[in-house]
$ cat upload39.txt   # compact mmCIF, N, CA and C atoms
# COMPACT_ATOMS: atom_id res chain seq x y z
N MET A 1390 120.67 -185.46 -156.75
CA MET A 1390 120.45 -186.75 -156.11
C MET A 1390 119.48 -186.56 -154.94
N ASP A 1391 118.53 -187.48 -154.80
CA ASP A 1391 117.59 -187.42 -153.70
C ASP A 1391 118.21 -188.01 -152.45
N HIS A 1392 117.91 -187.37 -151.33
CA HIS A 1392 118.39 -187.89 -150.05
C HIS A 1392 117.19 -188.11 -149.15
N THR A 1393 117.08 -189.31 -148.65
CA THR A 1393 115.95 -189.71 -147.83
C THR A 1393 116.41 -189.90 -146.40
N CYS A 1394 115.59 -189.45 -145.45
CA CYS A 1394 115.87 -189.63 -144.03
C CYS A 1394 115.88 -191.12 -143.72
N GLN A 1395 116.94 -191.57 -143.09
CA GLN A 1395 117.06 -193.00 -142.77
C GLN A 1395 116.25 -193.38 -141.53
N HIS A 1396 115.57 -192.41 -140.93
CA HIS A 1396 114.72 -192.73 -139.78
C HIS A 1396 113.24 -192.74 -140.17
N CYS A 1397 112.77 -191.64 -140.78
CA CYS A 1397 111.34 -191.55 -141.09
C CYS A 1397 111.02 -191.84 -142.55
N GLY A 1398 112.04 -191.86 -143.41
CA GLY A 1398 111.82 -192.17 -144.82
C GLY A 1398 111.40 -190.99 -145.68
N GLU A 1399 111.28 -189.80 -145.09
CA GLU A 1399 110.90 -188.62 -145.85
C GLU A 1399 112.09 -188.04 -146.59
N LEU A 1400 111.81 -187.31 -147.67
CA LEU A 1400 112.85 -186.63 -148.43
C LEU A 1400 113.47 -185.54 -147.55
N ILE A 1401 114.80 -185.46 -147.53
CA ILE A 1401 115.49 -184.44 -146.73
C ILE A 1401 115.51 -183.16 -147.56
N VAL A 1402 114.85 -182.14 -147.03
CA VAL A 1402 114.83 -180.82 -147.65
C VAL A 1402 115.56 -179.90 -146.70
N GLY A 1403 116.56 -179.20 -147.19
CA GLY A 1403 117.35 -178.34 -146.32
C GLY A 1403 118.52 -179.11 -145.74
N ASN A 1404 118.81 -178.85 -144.49
CA ASN A 1404 119.97 -179.46 -143.84
C ASN A 1404 119.76 -180.94 -143.54
N ALA A 1405 120.86 -181.67 -143.60
CA ALA A 1405 120.86 -183.08 -143.21
C ALA A 1405 121.76 -183.22 -141.99
N TYR A 1406 121.51 -184.24 -141.20
CA TYR A 1406 122.25 -184.43 -139.95
C TYR A 1406 122.64 -185.88 -139.80
N ARG A 1407 123.79 -186.11 -139.19
CA ARG A 1407 124.23 -187.46 -138.86
C ARG A 1407 123.94 -187.67 -137.38
N VAL A 1408 123.30 -188.77 -137.07
CA VAL A 1408 123.01 -189.15 -135.69
C VAL A 1408 123.78 -190.43 -135.40
N THR A 1409 124.56 -190.41 -134.33
CA THR A 1409 125.35 -191.59 -133.98
C THR A 1409 125.19 -191.93 -132.51
N SER A 1410 125.40 -193.19 -132.22
CA SER A 1410 125.39 -193.67 -130.85
C SER A 1410 126.43 -194.78 -130.76
N GLU A 1411 127.18 -194.76 -129.69
CA GLU A 1411 128.24 -195.73 -129.50
C GLU A 1411 128.25 -196.18 -128.04
N GLU A 1412 128.53 -197.45 -127.84
CA GLU A 1412 128.64 -197.98 -126.48
C GLU A 1412 129.81 -198.93 -126.42
N GLU A 1413 130.72 -198.67 -125.51
CA GLU A 1413 131.91 -199.49 -125.33
C GLU A 1413 132.67 -199.68 -126.64
N GLY A 1414 132.75 -198.59 -127.44
CA GLY A 1414 133.49 -198.63 -128.68
C GLY A 1414 132.76 -199.29 -129.84
N ILE A 1415 131.53 -199.71 -129.63
CA ILE A 1415 130.75 -200.36 -130.69
C ILE A 1415 129.69 -199.38 -131.18
N THR A 1416 129.67 -199.13 -132.50
CA THR A 1416 128.68 -198.24 -133.09
C THR A 1416 127.33 -198.93 -133.10
N LEU A 1417 126.37 -198.31 -132.45
CA LEU A 1417 125.01 -198.85 -132.40
C LEU A 1417 124.10 -198.18 -133.41
N LEU A 1418 124.41 -196.91 -133.72
CA LEU A 1418 123.55 -196.12 -134.59
C LEU A 1418 124.42 -195.17 -135.40
N ASP A 1419 124.19 -195.10 -136.70
CA ASP A 1419 124.89 -194.16 -137.57
C ASP A 1419 123.99 -193.94 -138.78
N MET A 1420 123.23 -192.84 -138.76
CA MET A 1420 122.28 -192.60 -139.84
C MET A 1420 122.20 -191.12 -140.19
N ILE A 1421 121.77 -190.86 -141.42
CA ILE A 1421 121.55 -189.51 -141.92
C ILE A 1421 120.06 -189.23 -141.81
N VAL A 1422 119.72 -188.10 -141.16
CA VAL A 1422 118.31 -187.81 -140.88
C VAL A 1422 117.94 -186.39 -141.28
N CYS A 1423 116.63 -186.14 -141.32
CA CYS A 1423 116.07 -184.82 -141.61
C CYS A 1423 116.07 -183.97 -140.34
N SER A 1424 115.64 -182.72 -140.48
CA SER A 1424 115.68 -181.80 -139.34
C SER A 1424 114.72 -182.22 -138.21
N LEU A 1425 113.56 -182.77 -138.55
CA LEU A 1425 112.62 -183.19 -137.50
C LEU A 1425 113.18 -184.37 -136.70
N CYS A 1426 113.78 -185.33 -137.39
CA CYS A 1426 114.36 -186.47 -136.69
C CYS A 1426 115.62 -186.05 -135.93
N PHE A 1427 116.33 -185.05 -136.45
CA PHE A 1427 117.47 -184.47 -135.74
C PHE A 1427 117.03 -183.90 -134.39
N MET A 1428 115.92 -183.15 -134.40
CA MET A 1428 115.42 -182.56 -133.15
C MET A 1428 115.04 -183.64 -132.15
N GLU A 1429 114.44 -184.72 -132.64
CA GLU A 1429 114.09 -185.85 -131.76
C GLU A 1429 115.35 -186.51 -131.19
N ALA A 1430 116.37 -186.66 -132.03
CA ALA A 1430 117.63 -187.26 -131.58
C ALA A 1430 118.28 -186.39 -130.51
N LYS A 1431 118.25 -185.08 -130.70
CA LYS A 1431 118.81 -184.17 -129.69
C LYS A 1431 118.04 -184.30 -128.37
N ARG A 1432 116.72 -184.41 -128.47
CA ARG A 1432 115.89 -184.57 -127.27
C ARG A 1432 116.28 -185.84 -126.53
N LEU A 1433 116.64 -186.87 -127.28
CA LEU A 1433 117.06 -188.15 -126.69
C LEU A 1433 118.54 -188.14 -126.28
N ARG A 1434 119.20 -187.00 -126.48
CA ARG A 1434 120.61 -186.80 -126.13
C ARG A 1434 121.56 -187.73 -126.88
N LEU A 1435 121.22 -187.99 -128.15
CA LEU A 1435 122.12 -188.73 -129.02
C LEU A 1435 123.11 -187.74 -129.63
N HIS A 1436 124.26 -188.23 -130.06
CA HIS A 1436 125.24 -187.37 -130.71
C HIS A 1436 124.73 -186.99 -132.09
N THR A 1437 124.72 -185.69 -132.40
CA THR A 1437 124.23 -185.21 -133.69
C THR A 1437 125.21 -184.20 -134.27
N GLU A 1438 125.28 -184.15 -135.59
CA GLU A 1438 126.08 -183.13 -136.25
C GLU A 1438 125.48 -182.84 -137.62
N GLU A 1439 125.53 -181.57 -138.02
CA GLU A 1439 125.04 -181.18 -139.34
C GLU A 1439 126.06 -181.63 -140.38
N ILE A 1440 125.56 -182.12 -141.50
CA ILE A 1440 126.44 -182.53 -142.58
C ILE A 1440 125.97 -181.89 -143.88
N ASN A 1441 126.84 -181.88 -144.86
CA ASN A 1441 126.50 -181.33 -146.16
C ASN A 1441 126.47 -182.48 -147.16
N VAL A 1442 125.30 -183.04 -147.41
CA VAL A 1442 125.19 -184.19 -148.31
C VAL A 1442 125.21 -183.78 -149.77
N ARG A 1443 124.97 -182.52 -150.07
CA ARG A 1443 124.91 -182.08 -151.46
C ARG A 1443 126.27 -181.97 -152.11
N SER A 1444 127.34 -181.79 -151.33
CA SER A 1444 128.66 -181.60 -151.93
C SER A 1444 129.52 -182.85 -151.83
N LYS A 1445 128.94 -183.97 -151.44
CA LYS A 1445 129.73 -185.20 -151.31
C LYS A 1445 130.16 -185.69 -152.69
N HIS A 1446 131.44 -185.97 -152.81
CA HIS A 1446 132.00 -186.53 -154.02
C HIS A 1446 132.56 -187.90 -153.69
N PRO A 1447 132.54 -188.83 -154.64
CA PRO A 1447 133.13 -190.14 -154.36
C PRO A 1447 134.60 -189.98 -154.03
N SER A 1448 135.08 -190.74 -153.09
CA SER A 1448 136.49 -190.67 -152.74
C SER A 1448 137.33 -191.18 -153.89
N ALA A 1449 138.59 -190.83 -153.89
CA ALA A 1449 139.50 -191.28 -154.95
C ALA A 1449 139.54 -192.80 -154.99
N ARG A 1450 139.51 -193.42 -153.81
CA ARG A 1450 139.54 -194.88 -153.76
C ARG A 1450 138.31 -195.47 -154.46
N ASN A 1451 137.14 -194.92 -154.21
CA ASN A 1451 135.92 -195.42 -154.84
C ASN A 1451 135.91 -195.16 -156.33
N ARG A 1452 136.39 -193.99 -156.76
CA ARG A 1452 136.44 -193.71 -158.19
C ARG A 1452 137.33 -194.71 -158.90
N GLY A 1453 138.45 -195.06 -158.28
CA GLY A 1453 139.36 -196.02 -158.89
C GLY A 1453 138.72 -197.39 -159.02
N SER A 1454 137.99 -197.81 -158.01
CA SER A 1454 137.37 -199.13 -158.07
C SER A 1454 136.27 -199.15 -159.13
N HIS A 1455 135.58 -198.05 -159.32
CA HIS A 1455 134.55 -198.00 -160.37
C HIS A 1455 135.20 -198.06 -161.74
N ARG A 1456 136.32 -197.39 -161.90
CA ARG A 1456 137.01 -197.43 -163.20
C ARG A 1456 137.44 -198.85 -163.54
N SER A 1457 138.00 -199.56 -162.56
CA SER A 1457 138.50 -200.89 -162.87
C SER A 1457 137.35 -201.83 -163.24
N ARG A 1458 136.21 -201.68 -162.61
CA ARG A 1458 135.07 -202.53 -162.95
C ARG A 1458 134.49 -202.20 -164.31
N LEU A 1459 134.63 -200.92 -164.71
CA LEU A 1459 134.06 -200.50 -166.00
C LEU A 1459 135.06 -200.64 -167.12
N GLY A 1460 136.29 -201.03 -166.80
CA GLY A 1460 137.30 -201.20 -167.83
C GLY A 1460 137.87 -199.89 -168.34
N ILE A 1461 137.78 -198.84 -167.53
CA ILE A 1461 138.28 -197.52 -167.93
C ILE A 1461 139.74 -197.38 -167.55

$ encode --input "upload39.txt" --output "C-alpha cells"
Amino acid sequence: MDHTCQHCGELIVGNAYRVTSEEEGITLLDMIVCSLCFMEAKRLRLHTEEINVRSKHPSARNRGSHRSRLGI
C-alpha cells in the first residue's frame, strides 16, 4: 500500500511519523508525514512520534463492519 505524506504530498519512503498539536484539549493537527516534514515539525516544536504504517491491520471492529456490508 502506498503512503503519502499528508503535509507535502510526497510518497513516504522509510519511516513515517505522526505529528500532533493540541490546545485546551482540542486536536488542531494530527497527520502522518515523511522524514523531511517530521524534521520541520520538530523544528517548530510540535509533538512528533515515529510510527510503523507498514504493519497496520484493520481493527477487529472495522473488519466486522466490512463483513456486514459485504454480506459475509

$ closest_residue --input "upload39.txt" --among "A:Thr1416, A:Arg1434, A:Cys1423, A:Met1428" --to "Gly1403 in chain A" --atoms "all atoms listed in the file"
A:Cys1423

$ atom_distance --input "upload39.txt" --atom1 "CA of Asn1441 in chain A" --atom2 "CA of Asn1404 in chain A"
7.2 Å

$ atom_distance --input "upload39.txt" --atom1 "atom C of Arg1432 in chain A" --atom2 "atom C of Leu1418 in chain A"
15.2 Å

$ atom_distance --input "upload39.txt" --atom1 "CA of Gly1398 in chain A" --atom2 "atom C of Glu1413 in chain A"
28.7 Å

$ closest_residue --input "upload39.txt" --among "A:Cys1397, A:Thr1409, A:Glu1439, A:Gly1414" --to "Cys1426 in chain A" --atoms "all atoms listed in the file"
A:Cys1397

$ closest_residue --input "upload39.txt" --among "A:Leu1400, A:Val1442, A:Val1408, A:Ile1415" --to "Phe1427 in chain A" --atoms "only C-alpha atoms"
A:Val1408

$ residues_around --input "upload39.txt" --residues "Glu1438 in chain A" --least-positions-apart "5" --cutoff "6 Å" --atoms "all atoms listed in the file" --output "number ranges by chain"
A: 1405-1408

$ write_last_selection --input "upload39.txt" --atoms "N, CA and C atoms" --output "PDB file, in the frame of the given file"
ATOM      1  N   ALA A1405     120.860-181.670-143.600  1.00  0.00           N
ATOM      2  CA  ALA A1405     120.860-183.080-143.210  1.00  0.00           C
ATOM      3  C   ALA A1405     121.760-183.220-141.990  1.00  0.00           C
ATOM      4  N   TYR A1406     121.510-184.240-141.200  1.00  0.00           N
ATOM      5  CA  TYR A1406     122.250-184.430-139.950  1.00  0.00           C
ATOM      6  C   TYR A1406     122.640-185.880-139.800  1.00  0.00           C
ATOM      7  N   ARG A1407     123.790-186.110-139.190  1.00  0.00           N
ATOM      8  CA  ARG A1407     124.230-187.460-138.860  1.00  0.00           C
ATOM      9  C   ARG A1407     123.940-187.670-137.380  1.00  0.00           C
ATOM     10  N   VAL A1408     123.300-188.770-137.070  1.00  0.00           N
ATOM     11  CA  VAL A1408     123.010-189.150-135.690  1.00  0.00           C
ATOM     12  C   VAL A1408     123.780-190.430-135.400  1.00  0.00           C
TER      13      VAL A1408
END
